[in-house]
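Shown next: coords.pdb, containing PDB, C-alpha atoms and all ligand atoms.
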```pdb
ATOM      1  CA  MET A   1      72.919 106.271 107.651  1.00  0.00           C
ATOM      2  CA  THR A   2      76.203 104.547 108.537  1.00  0.00           C
ATOM      3  CA  LYS A   3      79.207 106.268 106.998  1.00  0.00           C
ATOM      4  CA  THR A   4      81.713 104.096 105.151  1.00  0.00           C
ATOM      5  CA  VAL A   5      85.478 104.560 105.055  1.00  0.00           C
ATOM      6  CA  HIS A   6      87.327 103.093 102.095  1.00  0.00           C
ATOM      7  CA  ILE A   7      90.841 101.787 102.742  1.00  0.00           C
ATOM      8  CA  LEU A   8      92.636 101.562  99.404  1.00  0.00           C
ATOM      9  CA  ASN A   9      95.923  99.745  98.936  1.00  0.00           C
ATOM     10  CA  GLY A  10      98.161  99.915  95.903  1.00  0.00           C
ATOM     11  CA  PRO A  11     100.727  97.637  94.260  1.00  0.00           C
ATOM     12  CA  ASN A  12     102.402  94.817  96.182  1.00  0.00           C
ATOM     13  CA  LEU A  13     100.418  95.368  99.365  1.00  0.00           C
ATOM     14  CA  ASN A  14      98.694  92.030  98.730  1.00  0.00           C
ATOM     15  CA  LEU A  15     102.080  90.607  99.779  1.00  0.00           C
ATOM     16  CA  LEU A  16     102.012  92.331 103.160  1.00  0.00           C
ATOM     17  CA  GLY A  17     103.307  89.809 105.718  1.00  0.00           C
ATOM     18  CA  GLN A  18     105.245  87.913 103.047  1.00  0.00           C
ATOM     19  CA  ARG A  19     107.515  90.421 101.298  1.00  0.00           C
ATOM     20  CA  GLN A  20     110.474  92.012 103.064  1.00  0.00           C
ATOM     21  CA  PRO A  21     109.153  91.344 106.602  1.00  0.00           C
ATOM     22  CA  GLU A  22     112.174  93.191 108.012  1.00  0.00           C
ATOM     23  CA  ILE A  23     110.640  96.347 106.501  1.00  0.00           C
ATOM     24  CA  TYR A  24     106.901  95.636 106.413  1.00  0.00           C
ATOM     25  CA  GLY A  25     106.486  93.164 109.294  1.00  0.00           C
ATOM     26  CA  HIS A  26     104.626  89.861 109.453  1.00  0.00           C
ATOM     27  CA  GLU A  27     101.034  91.037 109.580  1.00  0.00           C
ATOM     28  CA  THR A  28      98.820  90.758 106.533  1.00  0.00           C
ATOM     29  CA  LEU A  29      96.176  92.910 104.891  1.00  0.00           C
ATOM     30  CA  ALA A  30      93.592  90.581 106.469  1.00  0.00           C
ATOM     31  CA  ASP A  31      94.997  91.576 109.890  1.00  0.00           C
ATOM     32  CA  VAL A  32      94.716  95.232 108.850  1.00  0.00           C
ATOM     33  CA  GLU A  33      91.069  94.678 107.912  1.00  0.00           C
ATOM     34  CA  THR A  34      90.309  93.049 111.290  1.00  0.00           C
ATOM     35  CA  ALA A  35      91.973  95.891 113.222  1.00  0.00           C
ATOM     36  CA  CYS A  36      90.202  98.594 111.201  1.00  0.00           C
ATOM     37  CA  ALA A  37      86.836  96.837 111.442  1.00  0.00           C
ATOM     38  CA  ALA A  38      87.218  96.871 115.246  1.00  0.00           C
ATOM     39  CA  VAL A  39      87.805 100.644 115.279  1.00  0.00           C
ATOM     40  CA  ALA A  40      84.945 101.120 112.829  1.00  0.00           C
ATOM     41  CA  ALA A  41      82.569  99.143 115.066  1.00  0.00           C
ATOM     42  CA  GLU A  42      83.652 101.213 118.090  1.00  0.00           C
ATOM     43  CA  ARG A  43      82.898 104.448 116.235  1.00  0.00           C
ATOM     44  CA  GLY A  44      79.750 103.351 114.379  1.00  0.00           C
ATOM     45  CA  LEU A  45      81.411 103.324 110.959  1.00  0.00           C
ATOM     46  CA  ALA A  46      81.535 100.790 108.144  1.00  0.00           C
ATOM     47  CA  VAL A  47      84.779  99.947 106.414  1.00  0.00           C
ATOM     48  CA  LYS A  48      85.678  98.552 103.004  1.00  0.00           C
ATOM     49  CA  LEU A  49      89.275  97.493 102.324  1.00  0.00           C
ATOM     50  CA  LEU A  50      90.480  97.038  98.746  1.00  0.00           C
ATOM     51  CA  GLN A  51      93.850  96.286  97.131  1.00  0.00           C
ATOM     52  CA  SER A  52      94.991  96.363  93.535  1.00  0.00           C
ATOM     53  CA  ASN A  53      98.281  96.162  91.705  1.00  0.00           C
ATOM     54  CA  TRP A  54      96.789  98.286  88.891  1.00  0.00           C
ATOM     55  CA  GLU A  55      96.928 102.071  88.900  1.00  0.00           C
ATOM     56  CA  GLY A  56      93.735 102.439  86.815  1.00  0.00           C
ATOM     57  CA  GLN A  57      91.827 100.233  89.256  1.00  0.00           C
ATOM     58  CA  ILE A  58      92.882 102.465  92.149  1.00  0.00           C
ATOM     59  CA  VAL A  59      91.730 105.520  90.152  1.00  0.00           C
ATOM     60  CA  ASP A  60      88.357 103.815  89.443  1.00  0.00           C
ATOM     61  CA  TRP A  61      87.916 102.951  93.130  1.00  0.00           C
ATOM     62  CA  ILE A  62      88.622 106.564  94.114  1.00  0.00           C
ATOM     63  CA  HIS A  63      85.940 107.653  91.630  1.00  0.00           C
ATOM     64  CA  ALA A  64      83.497 105.128  93.140  1.00  0.00           C
ATOM     65  CA  ALA A  65      84.318 106.498  96.597  1.00  0.00           C
ATOM     66  CA  ARG A  66      82.887 109.867  95.492  1.00  0.00           C
ATOM     67  CA  GLN A  67      79.427 108.311  95.881  1.00  0.00           C
ATOM     68  CA  GLU A  68      80.126 105.594  98.425  1.00  0.00           C
ATOM     69  CA  ALA A  69      82.654 106.798 101.000  1.00  0.00           C
ATOM     70  CA  ALA A  70      82.744 109.471 103.692  1.00  0.00           C
ATOM     71  CA  GLY A  71      86.551 109.308 103.715  1.00  0.00           C
ATOM     72  CA  ILE A  72      89.494 107.527 102.122  1.00  0.00           C
ATOM     73  CA  ILE A  73      92.511 106.000 103.833  1.00  0.00           C
ATOM     74  CA  ILE A  74      95.080 105.164 101.185  1.00  0.00           C
ATOM     75  CA  ASN A  75      98.390 103.372 101.093  1.00  0.00           C
ATOM     76  CA  PRO A  76      99.226 103.830  97.419  1.00  0.00           C
ATOM     77  CA  GLY A  77     102.434 101.737  97.655  1.00  0.00           C
ATOM     78  CA  ALA A  78     104.893 102.803  94.962  1.00  0.00           C
ATOM     79  CA  LEU A  79     102.162 104.869  93.244  1.00  0.00           C
ATOM     80  CA  THR A  80     102.709 107.333  96.104  1.00  0.00           C
ATOM     81  CA  HIS A  81     105.901 108.453  94.448  1.00  0.00           C
ATOM     82  CA  THR A  82     104.850 108.300  90.793  1.00  0.00           C
ATOM     83  CA  SER A  83     101.152 108.802  90.239  1.00  0.00           C
ATOM     84  CA  VAL A  84      99.710 112.168  89.244  1.00  0.00           C
ATOM     85  CA  ALA A  85      96.617 110.151  88.177  1.00  0.00           C
ATOM     86  CA  VAL A  86      95.993 108.984  91.750  1.00  0.00           C
ATOM     87  CA  LEU A  87      96.513 112.545  93.015  1.00  0.00           C
ATOM     88  CA  ASP A  88      94.072 113.933  90.421  1.00  0.00           C
ATOM     89  CA  ALA A  89      91.471 111.324  91.368  1.00  0.00           C
ATOM     90  CA  LEU A  90      91.862 112.147  95.068  1.00  0.00           C
ATOM     91  CA  ASN A  91      91.457 115.830  94.237  1.00  0.00           C
ATOM     92  CA  ALA A  92      88.060 114.922  92.747  1.00  0.00           C
ATOM     93  CA  PHE A  93      87.012 113.309  96.050  1.00  0.00           C
ATOM     94  CA  GLU A  94      85.353 115.705  98.471  1.00  0.00           C
ATOM     95  CA  GLY A  95      85.832 113.962 101.831  1.00  0.00           C
ATOM     96  CA  PRO A  96      88.942 113.655 103.979  1.00  0.00           C
ATOM     97  CA  VAL A  97      91.936 111.648 102.760  1.00  0.00           C
ATOM     98  CA  LEU A  98      94.573 110.096 105.027  1.00  0.00           C
ATOM     99  CA  GLU A  99      97.804 108.585 103.699  1.00  0.00           C
ATOM    100  CA  VAL A 100      99.370 105.558 105.386  1.00  0.00           C
ATOM    101  CA  HIS A 101     102.754 103.919 104.915  1.00  0.00           C
ATOM    102  CA  VAL A 102     103.707 100.835 106.862  1.00  0.00           C
ATOM    103  CA  SER A 103     107.400 101.713 106.680  1.00  0.00           C
ATOM    104  CA  ASN A 104     109.082 104.990 107.531  1.00  0.00           C
ATOM    105  CA  VAL A 105     109.528 106.204 103.958  1.00  0.00           C
ATOM    106  CA  HIS A 106     111.665 109.127 105.192  1.00  0.00           C
ATOM    107  CA  ARG A 107     114.343 106.747 106.418  1.00  0.00           C
ATOM    108  CA  ARG A 108     114.557 104.937 103.087  1.00  0.00           C
ATOM    109  CA  GLU A 109     115.691 105.704  99.517  1.00  0.00           C
ATOM    110  CA  SER A 110     115.414 109.349  98.489  1.00  0.00           C
ATOM    111  CA  PHE A 111     112.831 108.523  95.782  1.00  0.00           C
ATOM    112  CA  ARG A 112     110.407 107.444  98.532  1.00  0.00           C
ATOM    113  CA  GLN A 113     110.576 110.838 100.182  1.00  0.00           C
ATOM    114  CA  HIS A 114     108.364 112.567  97.688  1.00  0.00           C
ATOM    115  CA  SER A 115     104.649 111.818  97.766  1.00  0.00           C
ATOM    116  CA  TYR A 116     102.143 113.152  95.234  1.00  0.00           C
ATOM    117  CA  VAL A 117      99.359 111.966  97.541  1.00  0.00           C
ATOM    118  CA  SER A 118     100.622 114.133 100.413  1.00  0.00           C
ATOM    119  CA  LEU A 119      99.631 117.180  98.355  1.00  0.00           C
ATOM    120  CA  ARG A 120      96.025 116.097  98.982  1.00  0.00           C
ATOM    121  CA  ALA A 121      96.066 114.181 102.271  1.00  0.00           C
ATOM    122  CA  GLU A 122      94.859 115.807 105.476  1.00  0.00           C
ATOM    123  CA  GLY A 123      97.402 113.703 107.343  1.00  0.00           C
ATOM    124  CA  VAL A 124     100.137 111.120 106.854  1.00  0.00           C
ATOM    125  CA  ILE A 125     101.169 108.180 109.043  1.00  0.00           C
ATOM    126  CA  ALA A 126     104.452 106.464 108.208  1.00  0.00           C
ATOM    127  CA  GLY A 127     106.604 103.962 110.057  1.00  0.00           C
ATOM    128  CA  PHE A 128     104.004 102.749 112.575  1.00  0.00           C
ATOM    129  CA  GLY A 129     103.815  99.340 110.903  1.00  0.00           C
ATOM    130  CA  VAL A 130     100.341  98.039 110.146  1.00  0.00           C
ATOM    131  CA  GLU A 131      99.105  99.761 113.337  1.00  0.00           C
ATOM    132  CA  GLY A 132      99.164 102.926 111.254  1.00  0.00           C
ATOM    133  CA  TYR A 133      95.948 101.881 109.519  1.00  0.00           C
ATOM    134  CA  ALA A 134      93.987 101.583 112.780  1.00  0.00           C
ATOM    135  CA  LEU A 135      95.410 104.912 113.966  1.00  0.00           C
ATOM    136  CA  ALA A 136      94.292 106.465 110.683  1.00  0.00           C
ATOM    137  CA  MET A 137      90.817 104.951 111.223  1.00  0.00           C
ATOM    138  CA  ARG A 138      90.567 106.697 114.600  1.00  0.00           C
ATOM    139  CA  ARG A 139      91.547 110.013 113.066  1.00  0.00           C
ATOM    140  CA  MET A 140      89.179 109.432 110.148  1.00  0.00           C
ATOM    141  CA  ALA A 141      86.297 108.799 112.575  1.00  0.00           C
ATOM    142  CA  THR A 142      86.959 112.234 114.081  1.00  0.00           C
ATOM    143  CA  LEU A 143      87.252 113.877 110.652  1.00  0.00           C
ATOM    144  CA  VAL A 144      83.922 112.460 109.434  1.00  0.00           C
ATOM    145  CA  GLY A 145      82.217 113.294 112.719  1.00  0.00           C
ATOM    146  CA  ALA A 146      81.636 109.699 113.892  1.00  0.00           C
TER     147      ALA A 146
HETATM  148  C1  LIG A 201     104.848 101.731 101.268  1.00  0.00           C
HETATM  149  C2  LIG A 201     106.134 102.516 100.976  1.00  0.00           C
HETATM  150  C3  LIG A 201     106.350 102.656  99.473  1.00  0.00           C
HETATM  151  O1  LIG A 201     107.535 103.389  99.220  1.00  0.00           O
HETATM  152  C4  LIG A 201     106.482 101.274  98.846  1.00  0.00           C
HETATM  153  O2  LIG A 201     106.609 101.400  97.444  1.00  0.00           O
HETATM  154  C5  LIG A 201     105.368 100.365  99.214  1.00  0.00           C
HETATM  155  C6  LIG A 201     104.846 100.390 100.576  1.00  0.00           C
HETATM  156  C7  LIG A 201     104.672 101.473 102.769  1.00  0.00           C
HETATM  157  O3  LIG A 201     103.570 101.092 103.164  1.00  0.00           O
HETATM  158  O4  LIG A 201     105.621 101.592 103.550  1.00  0.00           O
HETATM  159  O5  LIG A 201     104.951  99.529  98.415  1.00  0.00           O
HETATM  160  O6  LIG A 201     103.746 102.502 100.829  1.00  0.00           O
END
```

Write the structure described by the file as structure tokens, please.
Ligand code: DQA
Amino acid sequence: MTKTVHILNGPNLNLLGQRQPEIYGHETLADVETACAAVAAERGLAVKLLQSNWEGQIVDWIHAARQEAAGIIINPGALTHTSVAVLDALNAFEGPVLEVHVSNVHRRESFRQHSYVSLRAEGVIAGFGVEGYALAMRRMATLVGA
């Protein structure tokens, strides 16, 4: 059976390509989906990309991934730095988790330099722009044995 990777995106990432392009670039989440679908096709995987501005929705999607996904790629947006709930949900997920940030969070405000999600993630990509998602897909394919 084809394995599915869930790509979860937190608050404000629906505005990718529109908000602060000097930090986040001009590409959109639709571009991210196209790039990740191409990697998925290459590696015989399926991909499902979701975005919500609501913490509880992200938690619910992580719970759903327990049954539906072989791995999770997550850009939690600001929830990265605040959400024990997202961390707890990820800890209840058994497959690999990769964390992606479009910007280099380590070069920004000090509050962005702590990530709850990094306590769970097998790997982190930050500052590679939206290309980071496709790179994470390649790594995820290896981690799930695709
Ligand atoms: C982000 C970095 C976070 O600090 C910020 O709150 C975001 C986006 C990134 O992709 O660079 O919303 O996760």

For atom CA of A:Leu135 and atom C1 of ligand LIG 201 (chain A), determine how far apart the two atoms are, in Å to one decimal place.
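So the two atoms, atom CA of A:Leu135 and atom C1 of ligand LIG 201 (chain A), lie 16.1 Å apart.
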
Evaluate the PyMOL selection byres (((chain A and resi 86) around 9) and not hetatm) here and jot the selected residues down as a ChimeraX atom specification.
/A:55-56,58-59,62,76,79-80,82-85,87-91,116-117

With distances taken over only C-alpha atoms, which residue among A:Gly95, A:Pro21, A:Gly77, A:Pro11 lies nearest A:Gly145?
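Closest to A:Gly145 of all the choices is A:Gly95.
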
Polymer residues at most 10 Å from A:Tyr133, all atoms listed in the file, same-chain spacing of 4 or more positions, as a PyMOL selection string:
chain A and resi 7+32-33+35-36+73-75+98-102+125-126+128-129+137-139

For A:Gly44, work out the shell of residues within 9 Å, counting only C-alpha atoms and skipping chain neighbours fewer than 2 positions away, then give it as a VMD selection string.
chain A and resid 2 to 3 39 to 42 46 141 146

4 Å per side around stretch 38-43 of chain A: axis-aligned box centre and edge lengths, as AutoDock Vina command-line options:
```
--center_x 85.2 --center_y 100.7 --center_z 115.5 --size_x 13.2 --size_y 15.6 --size_z 13.3
```

Length of the atom CA of A:Ala37 to atom CA of A:Ala136 vector [Å]:
12.2 Å

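For the residues A:Ala78, A:Leu45, A:Ala65, A:Ala134, ranking by smallest atom-to-atom distance to ligand LIG 201 (chain A) using all atoms listed in the file places A:Ala78 first.
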